[in-house]
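Visitor: What follows is a single structure, and I will ask about it in a moment.
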Amino acid sequence: MDITEIPFNRLVGLVRAEKAGKVLSLPDDVRYTNHLGTIHASALLTLAEATSGEYMIRELANPGFEVLPVVRRVEAKYRKPARGVVYSSVTVPPEKKAEFIATLTARGRALLEIQVDVHDEQETHLVTVMVEWFVAKR
């Protein structure tokens, strides 16, 4: 599955990041702006949620069984107004990933928190988003 081809993500205009170490990106486009001329909080949240989904696709590509992941909770901390092109990166500590896989395998369901950070072209930290996924074996 290509996260950028999900209908909503395609509608929004999410693209794969061309910057090293980044996952996805929103281009510099007036359609993402709010009443202040900065990038709308919802656009940044969409970028973060899709980035966490990309992590799920990449890291759970073959756990040995079919899974059904759904977002359970989202928490965002906005730091600075965003303008121009924005990029996302993802962080999951290796021990959290291992614990998640072990729980999912043993119990058939598990939760995983994925931290997504969004930066602009100058690497200004704009927002941190925690996306909690509920994943169950099908």
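Identifiers in this document derive from the order of the structure tokens: chains are assigned A, B, ..., residues are numbered from 1 separately in each chain, and ligands are numbered from 1 in order of occurrence.
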Excluding same-chain residues fewer than 4 positions from stretch 121-127 of chain A, what lies within 8 Å of it counting only C-alpha atoms, as a ChimeraX atom specification?
Guide: /A:44,76-82,84-87,117
Visitor: Can you list, as a PyMOL selection string, all residues belonging to stretch 55-119 of chain A that DSSP tags as alpha helix (DSSP H)?
Guide: chain A and resi 55-59+94-107
Visitor: May I have the selected residues written with N, CA and C atoms, as a PDB file, in the first residue's frame?
Guide:
ATOM      1  N   TYR A  55       4.713   4.672   8.730  1.00  0.00           N
ATOM      2  CA  TYR A  55       5.538   3.871   9.642  1.00  0.00           C
ATOM      3  C   TYR A  55       4.893   2.501   9.853  1.00  0.00           C
ATOM      4  N   MET A  56       3.593   2.486  10.102  1.00  0.00           N
ATOM      5  CA  MET A  56       2.888   1.211  10.325  1.00  0.00           C
ATOM      6  C   MET A  56       3.015   0.303   9.104  1.00  0.00           C
ATOM      7  N   ILE A  57       2.837   0.862   7.920  1.00  0.00           N
ATOM      8  CA  ILE A  57       2.945   0.071   6.685  1.00  0.00           C
ATOM      9  C   ILE A  57       4.358  -0.492   6.541  1.00  0.00           C
ATOM     10  N   ARG A  58       5.350   0.361   6.736  1.00  0.00           N
ATOM     11  CA  ARG A  58       6.750  -0.042   6.533  1.00  0.00           C
ATOM     12  C   ARG A  58       7.210  -1.045   7.589  1.00  0.00           C
ATOM     13  N   GLU A  59       6.872  -0.799   8.845  1.00  0.00           N
ATOM     14  CA  GLU A  59       7.380  -1.625   9.932  1.00  0.00           C
ATOM     15  C   GLU A  59       6.559  -2.885  10.196  1.00  0.00           C
ATOM     16  N   PRO A  94      13.235   1.618  19.640  1.00  0.00           N
ATOM     17  CA  PRO A  94      13.280   0.189  19.292  1.00  0.00           C
ATOM     18  C   PRO A  94      12.635  -0.709  20.353  1.00  0.00           C
ATOM     19  N   GLU A  95      12.813  -0.369  21.635  1.00  0.00           N
ATOM     20  CA  GLU A  95      12.227  -1.203  22.688  1.00  0.00           C
ATOM     21  C   GLU A  95      10.698  -1.127  22.677  1.00  0.00           C
ATOM     22  N   LYS A  96      10.140   0.020  22.285  1.00  0.00           N
ATOM     23  CA  LYS A  96       8.676   0.160  22.203  1.00  0.00           C
ATOM     24  C   LYS A  96       8.134  -0.664  21.035  1.00  0.00           C
ATOM     25  N   LYS A  97       8.874  -0.664  19.931  1.00  0.00           N
ATOM     26  CA  LYS A  97       8.463  -1.468  18.785  1.00  0.00           C
ATOM     27  C   LYS A  97       8.503  -2.951  19.145  1.00  0.00           C
ATOM     28  N   ALA A  98       9.559  -3.387  19.807  1.00  0.00           N
ATOM     29  CA  ALA A  98       9.692  -4.790  20.199  1.00  0.00           C
ATOM     30  C   ALA A  98       8.585  -5.196  21.168  1.00  0.00           C
ATOM     31  N   GLU A  99       8.273  -4.342  22.132  1.00  0.00           N
ATOM     32  CA  GLU A  99       7.201  -4.611  23.091  1.00  0.00           C
ATOM     33  C   GLU A  99       5.848  -4.703  22.377  1.00  0.00           C
ATOM     34  N   PHE A 100       5.629  -3.802  21.427  1.00  0.00           N
ATOM     35  CA  PHE A 100       4.397  -3.810  20.646  1.00  0.00           C
ATOM     36  C   PHE A 100       4.240  -5.123  19.873  1.00  0.00           C
ATOM     37  N   ILE A 101       5.281  -5.534  19.161  1.00  0.00           N
ATOM     38  CA  ILE A 101       5.240  -6.780  18.373  1.00  0.00           C
ATOM     39  C   ILE A 101       5.000  -7.978  19.286  1.00  0.00           C
ATOM     40  N   ALA A 102       5.676  -8.023  20.427  1.00  0.00           N
ATOM     41  CA  ALA A 102       5.507  -9.143  21.363  1.00  0.00           C
ATOM     42  C   ALA A 102       4.073  -9.206  21.887  1.00  0.00           C
ATOM     43  N   THR A 103       3.517  -8.062  22.252  1.00  0.00           N
ATOM     44  CA  THR A 103       2.139  -8.025  22.758  1.00  0.00           C
ATOM     45  C   THR A 103       1.153  -8.399  21.670  1.00  0.00           C
ATOM     46  N   LEU A 104       1.344  -7.867  20.480  1.00  0.00           N
ATOM     47  CA  LEU A 104       0.458  -8.182  19.355  1.00  0.00           C
ATOM     48  C   LEU A 104       0.482  -9.672  19.046  1.00  0.00           C
ATOM     49  N   THR A 105       1.654 -10.260  19.049  1.00  0.00           N
ATOM     50  CA  THR A 105       1.798 -11.686  18.765  1.00  0.00           C
ATOM     51  C   THR A 105       1.147 -12.535  19.856  1.00  0.00           C
ATOM     52  N   ALA A 106       1.359 -12.171  21.101  1.00  0.00           N
ATOM     53  CA  ALA A 106       0.850 -12.965  22.227  1.00  0.00           C
ATOM     54  C   ALA A 106      -0.647 -12.782  22.466  1.00  0.00           C
ATOM     55  N   ARG A 107      -1.118 -11.537  22.388  1.00  0.00           N
ATOM     56  CA  ARG A 107      -2.506 -11.245  22.761  1.00  0.00           C
ATOM     57  C   ARG A 107      -3.440 -11.038  21.581  1.00  0.00           C
TER      58      ARG A 107
END
Visitor: Would you kindly return, as a ChimeraX atom specification, each protein, DNA or RNA residue with an atom no farther than 8 Å from any atom of A:Arg72, considering only C-alpha atoms and excluding same-chain residues fewer than 3 positions away?
Guide: /A:131-134
Visitor: For A:Met130, list every protein, DNA or RNA residue within 6 Å, evaluated using only C-alpha atoms, and leave out those in the same chain fewer than 5 positions away; present the list as a PyMOL selection string.
Guide: chain A and resi 74-75+114-115
Visitor: Name the closest residue to A:Leu36 among the candidates A:Arg138, A:Ala110, A:Val92, A:Arg83; distances are taken between atoms, counting only C-alpha atoms.
Guide: A:Arg83
Visitor: Per residue of stretch 33-53 of chain A within 9 Å of stretch 6-18 of chain A, which atom pair is closest and at what distance in Å (one decimal), using only C-alpha atoms, listed by chain and increasing number, as CSV?
Guide:
residue,atom,partner,partner_atom,distance
A:Ala43,CA,A:Val12,CA,8.0
A:Thr46,CA,A:Asn9,CA,7.9
A:Leu47,CA,A:Leu14,CA,7.0
A:Ala50,CA,A:Asn9,CA,7.5
Visitor: I'd like to know which residues of chain A are strand (DSSP E or B) (by DSSP, run on the backbone); could you write them as a PyMOL selection string?
Guide: chain A and resi 15-16+24-26+33+39+67-78+86-91+109-120+125-137
Visitor: So what do you get for atom CA of A:Arg109 versus atom CA of A:Leu24, distance-wise?
Guide: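 Distance between the two atoms: 27.4 Å.
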